[in-house]
Every structure is written in C-alpha cells, then in structure tokens.
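A short worksheet on the structure shown next.
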Amino acid sequence: MNEPYKSFSAPSPIVGSISARAAANASPHRYLQGLNPEQLEAVEALDGPVLVLAGAGTGKTRVLTTRIAHIIATKRARNQEILSVTFTNKASREMKHRIALYIGEMAEGMQWLGTFHSISTKLLRRHAELVGLKSDFTILDTDDQIRLMKQVIRAENIDEKRWPARQLAFLIDGWKNRGLSPDKVPAAEATGYAGGRGGALYRLYQNRLKTLNACDFGDLLMECIRLFQEHPDVLKSYQDRFKYILVDEYQDTNVAQYLWLRLLAQGRRNVCCVGDDDQSIYGWRGADVDNILRFEHDFPGAKVVKLERNYRSTGHILASAAHIIKNNEGRLGKTLFTDGNMGEQVSVSGCWDSEEEARLVADEIEVLQHKKHQLNEIAILVRASFQMREFEERFVTTGIPYRVIGGPRFYERLEIRDALAYFRCVCQPADDLAFERIVNTPKRGLGDATLSVIHTYARANGIPMIQAVRFIVETEELKPKPRTTLKDLIGCFDRWAAQLGKISHTELCETILEESGYIAMWKADRSADAAGRLENLKELIRSMQDFENLQGFLEHISLVMETASGETEDRVTIMTLHGAKGLEFETVFLPGWEEGLFPHPRALDEQGRAGLEEERRLAYVGLTRAKRKANLFFASNRRIHGMWNATIPSRFIDELPEANVLVNEGAGSNFGGYNQRGGNSRFDTVQPFGNSSYNTPGWQRGQQNSSQVNSSPKPAKHSVMIEGEVLANSSTGTSRFDMGARIFHTKFGYGLVAVIDGNKLTVDFEKAGRKMVLESFLQNA
DNA sequence: GGGGGTAAGTTTTTT
DNA sequence: ACTTACCCCC
C-alpha cells in the first residue's frame with residue numbers, strides 16, 4: 001500500500017545517469033507515475049494560484065519536486081525561472097537533492113531555490129544601494145542584534161535593567177515579522193516599552209544598522225519588501241523572471257514573508273503554496289496560519305487541493321493523531337486516511353518519575369535492538385530540551401548509541417563567532433560590532449575605558465571605530481600602553497588586509513587566528529572544552545575551502561552554516577518535537593506527556609487558547625512522525641528547575657481515542673491510578689500550573705525614564721565619507737577652536753590651544769602639560 | 001582591567 | 001539546580 005511513497009524515498013540508482021535521462025526523454029511524463037489523483041492534480045495545475053493542503057505524510061515534498069520537474073519537462077520555464085522557497089536550509093537542500101533525482105545536475109541551475117532569507121539576501125546584494133546599503137552588507141545574528149540594541153538603549157540613557165535589550169529585541173523582531181517599518185508601527189504598540197520610546201528606539205536601531213552597513217534577519221525580508229515597494233521597476237523585473245513560484249511549509253510563514261511572496265506572485269500569479277495548518281507550530285516566533293486564508297483572499301479563484309491519503313503511518317497512529325487534533329477549532333479540516341493496516345495500537349505508559357521513564361524507554365529500545373530494529377529508525381521526541389539529558393545518561397549506561405539533534409549550532413559557538421569577528425574586521429573595516437567583540441580577545445588590556453574613548457570619537461565623527469582608532473593612536477588621548485597595543489592591532493589588521501587575495505583565504509585565516517594570539521589563548525586555556533574549541537576552529541577553516549574567497553564565505557556564513565556531520569552510524573535520535581517536523585521514524589517515543597510540561601504552561605500563559613491549540617498541533621506532529629509504532633509516556637514526578645513536582649498526565653492523553661490506544665499499566669512501578677480514562681476523568685478539571693501574571697512592571701516607572709536627556713555628544717563636524725573611507729577630515733578645514741583659545745578636556749582639564757593640525761590639536765594644559773588631543777574631545781572653556 | 005562573587009532567568013527555533 | 005550575566009573589589 002505504501003508503494004508510491006516507498007518507491008519515491010528509495011529512488012532508482014540510475015537516476016541522473018545519461019541513460020536515465022535519455023529514458024526520461026523517451027517518456028517525458030514518467031515521473032508522474034505513481035502519483036495518486038490528488039497529487040497529480042496538484043502537480044498538473046501549473047497555471048494560476050494553487051494551494052495544496054497536505055496532511056502529515058501525504059507526499060507534500062514529492063508534489064513540490066514533481067511539480068518543478070513537470071514545469072521543466074513541459075518547457076514552461078527554465079530552471080532559473082522558477083522561484084522555490086523553503087523555510088530552512090535543511091529543507092531547501094533536501095528539495096534540491098530530490099529535484100536532482102528527476103532532472104540530474106540541471107538542479108544546479110535552480111539558482112532561485114532557497115530559504116526566504118537566502119533569496120532575499122541575494123536580491124538585496126544585487127540592489128543594495130537602492131535601500132541604502134552596500135552590497136557587502138553584514139548580516140547580524142541575534143547576539144549582535146542584542147549587543148547593538150544595548151548600545152542604543154545606553155545611548156538614550158534608558159535604564160538597561162528596567163528595560164532589557166532582550167525585550168526590545170523581542171518587540172522589534174515582532175514588528176519585523178509583521179513587516180512593520182518604524183513609521184508603520186501602531187502608536188499603541190510602541191508605547192509599551194521604556195515609557196513610550198519603543199518606536200523611537202526601533203528607528204534609532206535601524207539607523208545604527210544602516211551606519212554599520214548591516215542587516216538583521218528580519219531586515220533581509222523587510223528591506224526586500226521595501227525594495228519592491230519603492231522600486232516598481234525592480235519588482236517588475238523579478239515578477240517577469242519568476243514564471244513559477246513554489247512555497248514549502250507555507251503554514252510557517254510570517255506576515256513579512258507573506259507580503260514578500262505576494263509582491264512577487266502578483267505578477268504572473270503562478271504560485272503554488274504547500275502547507276498543513278495542523279502542523280503550524282511556530283506561531284510563537286511570528287508564523288501566522290492565517291496566511292493560508294489570506295492566500296485564498298488575495299488570489300481569488302485559487303485552486304485548492306487537499307492531500308489526505310497518508311502513506312506513512314498505520315491506522316492506529318493516524319486515528320490517534322486525528323482524534324487529538326479534532327479538538328482544535330479553526331482548522332481547515334482535513335481527515336487523514338490510509339489504505340494500510342491498523343498496525344499496533346499507540347501505547348501509553350505511566351511511570352514514577354523521569355528516571356524510570358528513561359529506563360523504560362531504554363529497555364524497550366534494547367528489546368527492539370534484539371529484534372534487529374534499525375536504531376536510525378527510532379526517535380525520542382521531547383517537548384523541552386532539558387528532558388534530553390536523562391535519556392542521554394540512561395543510554396550511556398546501557399550502551400545504546402544515540403545522537404542528539406539540536407543544541408547550540410556551530411556558528412553560534414563562542415570561538416566561531418570570535419574567529420568570524422576577526423575575519424570581518426579584516427574584510428569589512430566598518431564592522432564595529434566585530435571590532436568590539438575581538439578588540440580585547442585575547443586579553444590585551446583594552447577595557448571599557450579605552451573602548452569608550454574610541455566609541456565616543458567614532459560616534460561624534462560618524463566614522464567606524466577602526467577608523468577612529470587610527471586617529472586616536474596618533475594623539476595622547478590614551479595612555480601609552482593601550483595606545484601601543486591598539487597601534488599594533490591596527491597594524492595587524494592592515495597586514496592581514498594587504499594579504500587578501502594574495503594568499504589563499506584559508507591560509508590567511510589561519511594566519512589571522514595564529515598571529516592574533518587567539519589560538520594561543522585557547523591553547524593556554526586548560527578548561528575541559530578548550531580542546532574542542534580548537535577543533536571547531538580547525539573545522540571552520542576546513543569548511544572555508546568550499547568558498548571562492550573570504551568575502552564569499554562571510555556572505556554566506558551567517559545564513560547557512562551547518563555542523564558538517566556525515567553521520568551514517570546506526571543511532572537512536574533524541575530531538576525536540578519542533579525539530580522533528582518533516583521527519584519520520586519507524587518507532588517514536590514521546591515522553592513527558594504531563595500537565596506542566598506538555599502542553600507547556602508558558603505557551604498557555606502567553607497565547608491562551610491559541611497556545612493550547614499550537615501545543616496540540618505539536619502533539620499531532622509528534623504522533624504522525626511514527627510509521628509503525630508510537631509510545632507515549634508520562635511520569636508522576638518530574639524535576640523542573642531543580643525542584644521535584646508531582647505531575648498528572650497531560651490532557652492530551654485524555655484526548656486519545658480509547659480504541660486505538662493500549663494502556664501499559666504494568667510498566668510503571670507505583671504509579672497511582674491511570675485507569676479511569678474517558679468519561680469524567682479527574683484530569684479534566686485540573687488547571688495547569690502557574691497563572692503567572694503578565695508583568696509589565698512600570699508604565700509609571702517608564703514615564704520617569706522618558707525625561708529627555710540629550711546624551712550623545714554633539715558631533716563636532718561630520719567627516720565626508722565615501723565607501724567607508726574618511727576622505728576629508730579637515731586637515732585643510734578650519735577648526736572650531738582658534739589658536740590660543742582656552743579649552744576644556746575631560747581628562748586633562750583646562751588648557752590653551754597651541755597648534756592646530758586639522759582635527760588634531762596640541763594643547764598646553766594647565767596641569768597636564770603639552771598634549772596632542774583630538775578636537776572632538778574638547779569644549780570651549 | 002581582570003577576576004571572583006552574586007543574582008536572575010531559565011519552551012520550542014530559523015534565519 | 002544550573003547556568004550565565006553583571007557588579008564590585010582588588
């Protein structure tokens with residue numbers, strides 16, 4: 001029964017060979033074979049808007065890839081005229097791989113296959129100047145974002161403790177997800193932060209980004225939208241170019257992505273979106289299921305195809321998943337069915353605590369192992385990552401091989417970010433954030449004091465910090481020690497920059513890490529993870545070889561950087577439910593189905609009913625990952641934040657259909673009373689933990705903060721900047737000060753101007769003697 | 001400027 | 001309970 005799906009997931013090995021393509025030419029629509037009627041309908045409806053509502057395991061990716069093959073085979077568009085958008089890099093790689101099975105290396109010509117962000121980046125780099133950027137703009141990650149916002153908050157004299165940068169980041173992110181630029185943010189929403197200054201801070205933050213020639217992730221989409229809106233000719237050219245548009249995981253798109261898509265699709269209107277409202281689990285980060293409804297509204301007459309025939313799971317599993325998801329309101333309403341057999345019932349086991357839970361799972365896996373069950377086909381899907389540890393511990397003691405998916409990603413690691421910051425300083429000398437990051441790493445004795453001098457001068461003159469340093473080290477603003485250190489550092493940057501293009505970029509980067517003392521720093525570090533960090537740095541250098549040059553590497557690194565793991569060993573997978581979307585396993589273990597964990601109280605607190613429904617979809621996703629067997633667990637006691645909590649089974653367990661479930665009562669030792677399921681279960685009335693309050697402490701306190709303080713020093717005079725180089729810093733221009741004028745310097749006190757050399761003045765100070773200082777540090781006395 | 005102590009905040013995750 | 005971030009003292 002599973003043949004169509006099976007034959008697809010195990011494609012013929014000759015695909016891609018010359019003979020295969022010749023054969024394909026002989027019968028051009030061969031790839032359509034094995035599609036069911038609905039899939040075929042979705043593939044063949046090439047003209048006009050199409051919305052494919054594809055339930056879990058109904059072959060949605062197959063429809064997308066076949067559709068692309070069909071478009072190319074029928075010569076309606078060439079591969080570079082097809083825009084194919086996914087949500088994650090993983091999904092886009094997967095799609096490219098699958099397309100290659102149909103059209104061979106032609107898939108390499110699919111230059112517009114990628115994530116929303118990667119395609120936006122490509123577009124923005126082409127037209128950067130139209131939105132006030134340069135084409136080599138930097139893409140900031142979350143960490144950089146927060147640091148930048150902290151600077152903005154500080155510069156506005158806002159109490160950082162009361163108004164954490166994280167919160168501002170959350171706000172701004174939300175606005176960007178909805179495609180709201182600073183001037184479009186509804187007034188009411190901008191008042192909730194720092195006494196009504198949220199909107200202003202957003203604007204300041206955006207200004208800072210532009211100065212830094214940088215974009216955050218949200219900007220990639222927003223600036224692209226702005227590009228399209230403000231330059232209809234540009235938009236038109238892409239509307240013309242993209243004859244067909246395809247979107248995967250459509251239920252995960254946010255409003256900005258929707259706007260982006262709508263602008264491009266409204267040209268030829270050949271747009272096909274594939275999604276499943278029941279698998280929308282990213283609402284908390286801005287995804288908006290209503291985009292599915294908007295689609296039918298904005299593209300009237302759209303053909304809607306439902307895929308409901310499931311090729312993945314057994315009847316019992318499907319029935320259980322369907323029964324749970326039926327409790328959600330506001331579904332578009334699909335009912336999955338299968339021609340396959342019912343298989344085994346979904347098992348539900350109660351146990352005493354999380355430790356026993358891990359033991360039961362491990363025991364069961366050992367049994368499966370003896371039955372020659374592939375470990376690669378077993379997954380443990382948890383709600384929250386803290387649950388993973390207990391399983392790991394158990395698997396280590398029992399010797400079950402496992403892999404953990406998730407956790408900190410490669411490019412988020414400290415050492416990788418530091419290394420990248422060095423490379424950025426060399427390639428993009430205007431990158432202040434990168435400079436600040438590594439200026440004192442390894443420790444060079446350049447602390448807050450030094451940094452703030454640089455910062456002040458850079459800000460006052462509107463120049464990058466590295467540039468500011470060049471001026472400052474020529475004077476006596478700084479003590480000799482930091483001055484020499486900075487001079488040396490700048491010398492290093494210059495030396496490395498001079499080698500760009502002269503020696504291979506991998507070699508150069510090795511040199512940089514070596515000469516900067518960064519490698520030495522970790523070698524000297526005798527903590528446990530130092531060796532691993534050095535290993536990661538080597539891995540970083542290795543991964544650079546795939547790129548033409550350092551510039552190209554840096555342009556892509558922030559968007560796509562995966563831990564190269566060519567893992568093929570047979571291991572059990574431990575991952576979160578979120579991480580499991582789109583995957584399938586023969587056997588799935590779903591531990592921790594308890595109130596207080598799943599549904600997660602935070603989701604209920606913050607999103608109320610919508611939150612509960614999203615958690616329920618998560619349950620649905622979890623169950624439908626299983627092909628043959630799903631095993632649910634709940635514990636009576638679980639340690640959360642270090643404290644033991646008595647827990648009761650999740651309400652989702654009560655929502656399972658009795659007929660498809662086997663309750664494993666003998667499993668747990670002394671679990672009390674999970675017998676009375678169905679009917680008036682005592683669990684029905686139990687409220688989840690913690691009705692934690694929406695705490696926005698401080699409308700009033702915020703008001704106090706809003707007293708206008710003009711903090712940032714007035715620019716003495718703006719340097720003329722072109723391409724990041726200071727062209728005229730007035731060595732010929734006139735100074736604000738006259739010879740002999742009495743001035744004040746915050747560090748050296750009062751003095752008389754003795755020599756004026758552009759922006760560098762020599763002053764005879766009353767206390768400190770003759771010093772060379774920068775004009776912008778001086779005031780009239 | 002650096003190191004050690006304390007306090008706070010701990011769902012999910014991509015780009 | 002545990003980590004990380006910040007503050008204060010040396």
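FYI, nothing fancy with the structure tokens labels: chains A, B, ... in order, residues from 1 per chain, ligands from 1 as they appear.
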Residue list for chain A near chain B as a PDB file with C-alpha atoms, in the first residue's frame, 10 Å, only C-alpha atoms (C1' of nucleotides):
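iface_0.pdb, freshly written:
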```pdb
ATOM      1  CA  PHE A  87      11.802  27.830   5.430  1.00  0.00           C
ATOM      2  CA  THR A  88      15.041  26.206   6.448  1.00  0.00           C
ATOM      3  CA  ASN A  89      18.312  25.474   4.769  1.00  0.00           C
ATOM      4  CA  THR A 115      15.099  29.969   2.036  1.00  0.00           C
ATOM      5  CA  PHE A 116      13.196  33.218   2.242  1.00  0.00           C
ATOM      6  CA  HIS A 117      16.270  34.719   3.833  1.00  0.00           C
ATOM      7  CA  SER A 118      18.865  33.418   1.420  1.00  0.00           C
ATOM      8  CA  ASP A 141      22.767  37.323  14.173  1.00  0.00           C
ATOM      9  CA  THR A 142      20.716  37.501  17.334  1.00  0.00           C
ATOM     10  CA  ASP A 216      19.492  41.648  10.944  1.00  0.00           C
ATOM     11  CA  PHE A 217      17.495  38.624   9.887  1.00  0.00           C
ATOM     12  CA  GLY A 218      14.224  40.491   9.892  1.00  0.00           C
ATOM     13  CA  LEU A 220      16.552  40.804   4.976  1.00  0.00           C
ATOM     14  CA  ILE A 281       3.991  25.048  15.392  1.00  0.00           C
ATOM     15  CA  TYR A 282       5.951  28.249  15.018  1.00  0.00           C
ATOM     16  CA  TRP A 284       5.474  31.855  18.879  1.00  0.00           C
ATOM     17  CA  ARG A 285       8.054  33.210  16.512  1.00  0.00           C
ATOM     18  CA  ARG A 383       8.886  18.899  24.391  1.00  0.00           C
ATOM     19  CA  ALA A 384      11.767  20.749  26.008  1.00  0.00           C
ATOM     20  CA  SER A 385      15.447  20.099  25.650  1.00  0.00           C
ATOM     21  CA  PHE A 386      16.091  19.663  29.368  1.00  0.00           C
ATOM     22  CA  GLY A 406      19.664  20.475  18.339  1.00  0.00           C
ATOM     23  CA  LYS A 443      43.063  39.942  26.668  1.00  0.00           C
ATOM     24  CA  ARG A 444      45.151  42.867  25.577  1.00  0.00           C
ATOM     25  CA  GLY A 445      44.391  45.298  28.341  1.00  0.00           C
ATOM     26  CA  LEU A 446      41.909  47.229  26.249  1.00  0.00           C
ATOM     27  CA  GLY A 447      38.935  47.590  28.538  1.00  0.00           C
ATOM     28  CA  ASP A 448      35.872  49.723  28.949  1.00  0.00           C
ATOM     29  CA  ALA A 449      37.828  52.897  29.458  1.00  0.00           C
ATOM     30  CA  SER A 558      25.536  33.963   8.659  1.00  0.00           C
ATOM     31  CA  LEU A 559      22.762  32.299   6.736  1.00  0.00           C
ATOM     32  CA  VAL A 560      23.985  28.797   6.232  1.00  0.00           C
ATOM     33  CA  THR A 576      12.628  18.118  20.237  1.00  0.00           C
ATOM     34  CA  LEU A 577       9.180  17.836  18.744  1.00  0.00           C
ATOM     35  CA  HIS A 578       9.854  21.034  16.855  1.00  0.00           C
ATOM     36  CA  GLY A 579      12.991  19.605  15.369  1.00  0.00           C
ATOM     37  CA  LEU A 597       5.329  20.261  30.620  1.00  0.00           C
ATOM     38  CA  PHE A 598       3.190  19.368  27.651  1.00  0.00           C
ATOM     39  CA  HIS A 600       3.825  23.826  28.106  1.00  0.00           C
ATOM     40  CA  PRO A 601       2.459  26.278  30.698  1.00  0.00           C
ATOM     41  CA  ARG A 602       4.333  29.121  29.096  1.00  0.00           C
ATOM     42  CA  ALA A 603       2.503  28.619  25.833  1.00  0.00           C
ATOM     43  CA  GLU A 615       0.690  22.624  21.678  1.00  0.00           C
ATOM     44  CA  LEU A 618       2.768  19.684  18.410  1.00  0.00           C
ATOM     45  CA  HIS A 641      14.148  23.881  37.572  1.00  0.00           C
TER      46      HIS A 641
END
```
Exercise. Enumerate as a PyMOL selection string all residues of segment 222-329 of chain A assigned to strand (DSSP E or B) by DSSP on the backbone, naming them with the chain letters and numbers the document uses.
Key: chain A and resi 244-247+254+271-275+287+303-307+309
Please save C-alpha atoms of the selected residues as a PDB file, in the first residue's frame.
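Saved to again-v7.pdb:
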```pdb
ATOM      1  CA  TYR A 244       6.559  29.890 -11.412  1.00  0.00           C
ATOM      2  CA  ILE A 245       6.748  30.260  -7.674  1.00  0.00           C
ATOM      3  CA  LEU A 246       6.591  27.417  -5.162  1.00  0.00           C
ATOM      4  CA  VAL A 247       6.485  27.620  -1.387  1.00  0.00           C
ATOM      5  CA  ASN A 254       5.038  35.070   8.886  1.00  0.00           C
ATOM      6  CA  VAL A 271       2.164  30.435  -7.336  1.00  0.00           C
ATOM      7  CA  CYS A 272       1.825  27.164  -5.512  1.00  0.00           C
ATOM      8  CA  CYS A 273       1.888  27.017  -1.730  1.00  0.00           C
ATOM      9  CA  VAL A 274       2.060  23.755   0.130  1.00  0.00           C
ATOM     10  CA  GLY A 275       1.296  23.576   3.798  1.00  0.00           C
ATOM     11  CA  ALA A 287       4.333  32.400  11.885  1.00  0.00           C
ATOM     12  CA  LYS A 303      -7.287  26.026  -6.821  1.00  0.00           C
ATOM     13  CA  VAL A 304      -7.255  24.219  -3.503  1.00  0.00           C
ATOM     14  CA  VAL A 305      -6.080  20.637  -3.403  1.00  0.00           C
ATOM     15  CA  LYS A 306      -6.238  18.541  -0.274  1.00  0.00           C
ATOM     16  CA  LEU A 307      -3.892  15.657   0.200  1.00  0.00           C
ATOM     17  CA  ARG A 309      -4.042   9.940   1.804  1.00  0.00           C
TER      18      ARG A 309
END
```
Practice problem: Have a look at atom CA of Glu586 of chain A and atom CA of Thr398 of chain A and let me know their distance in Å, one decimal. | Solution: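 Computing it gives 21.5 Å between the two atoms.
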Quiz item: What residues in chain A lie within 10 Å of chain C, counting only C-alpha atoms (C1' of nucleotides), written as a PyMOL selection string?
Solution: chain A and resi 639-643
Can you write just those residues out, N, CA, C and O atoms, as a PDB file, in the first residue's frame?
```
ATOM      1  N   ARG A 639      11.318  16.620  37.792  1.00  0.00           N
ATOM      2  CA  ARG A 639      12.088  17.719  38.341  1.00  0.00           C
ATOM      3  C   ARG A 639      12.148  18.840  37.313  1.00  0.00           C
ATOM      4  O   ARG A 639      12.631  18.651  36.197  1.00  0.00           O
ATOM      5  N   ILE A 640      11.603  19.972  37.682  1.00  0.00           N
ATOM      6  CA  ILE A 640      11.640  21.120  36.786  1.00  0.00           C
ATOM      7  C   ILE A 640      12.307  22.270  37.525  1.00  0.00           C
ATOM      8  O   ILE A 640      11.930  22.594  38.645  1.00  0.00           O
ATOM      9  N   HIS A 641      13.328  22.845  36.943  1.00  0.00           N
ATOM     10  CA  HIS A 641      14.148  23.881  37.572  1.00  0.00           C
ATOM     11  C   HIS A 641      14.696  23.385  38.898  1.00  0.00           C
ATOM     12  O   HIS A 641      14.709  24.095  39.891  1.00  0.00           O
ATOM     13  N   GLY A 642      15.068  22.138  38.913  1.00  0.00           N
ATOM     14  CA  GLY A 642      15.711  21.596  40.097  1.00  0.00           C
ATOM     15  C   GLY A 642      14.779  21.181  41.211  1.00  0.00           C
ATOM     16  O   GLY A 642      15.208  20.643  42.212  1.00  0.00           O
ATOM     17  N   MET A 643      13.487  21.431  41.032  1.00  0.00           N
ATOM     18  CA  MET A 643      12.566  21.044  42.087  1.00  0.00           C
ATOM     19  C   MET A 643      11.635  19.942  41.627  1.00  0.00           C
ATOM     20  O   MET A 643      11.149  19.954  40.501  1.00  0.00           O
TER      21      MET A 643
END
```
Practice problem: Work out how far atom CA of Ser650 of chain A is from atom CA of Gly283 of chain A, in Å to one decimal. | Solution: 21.2 Å
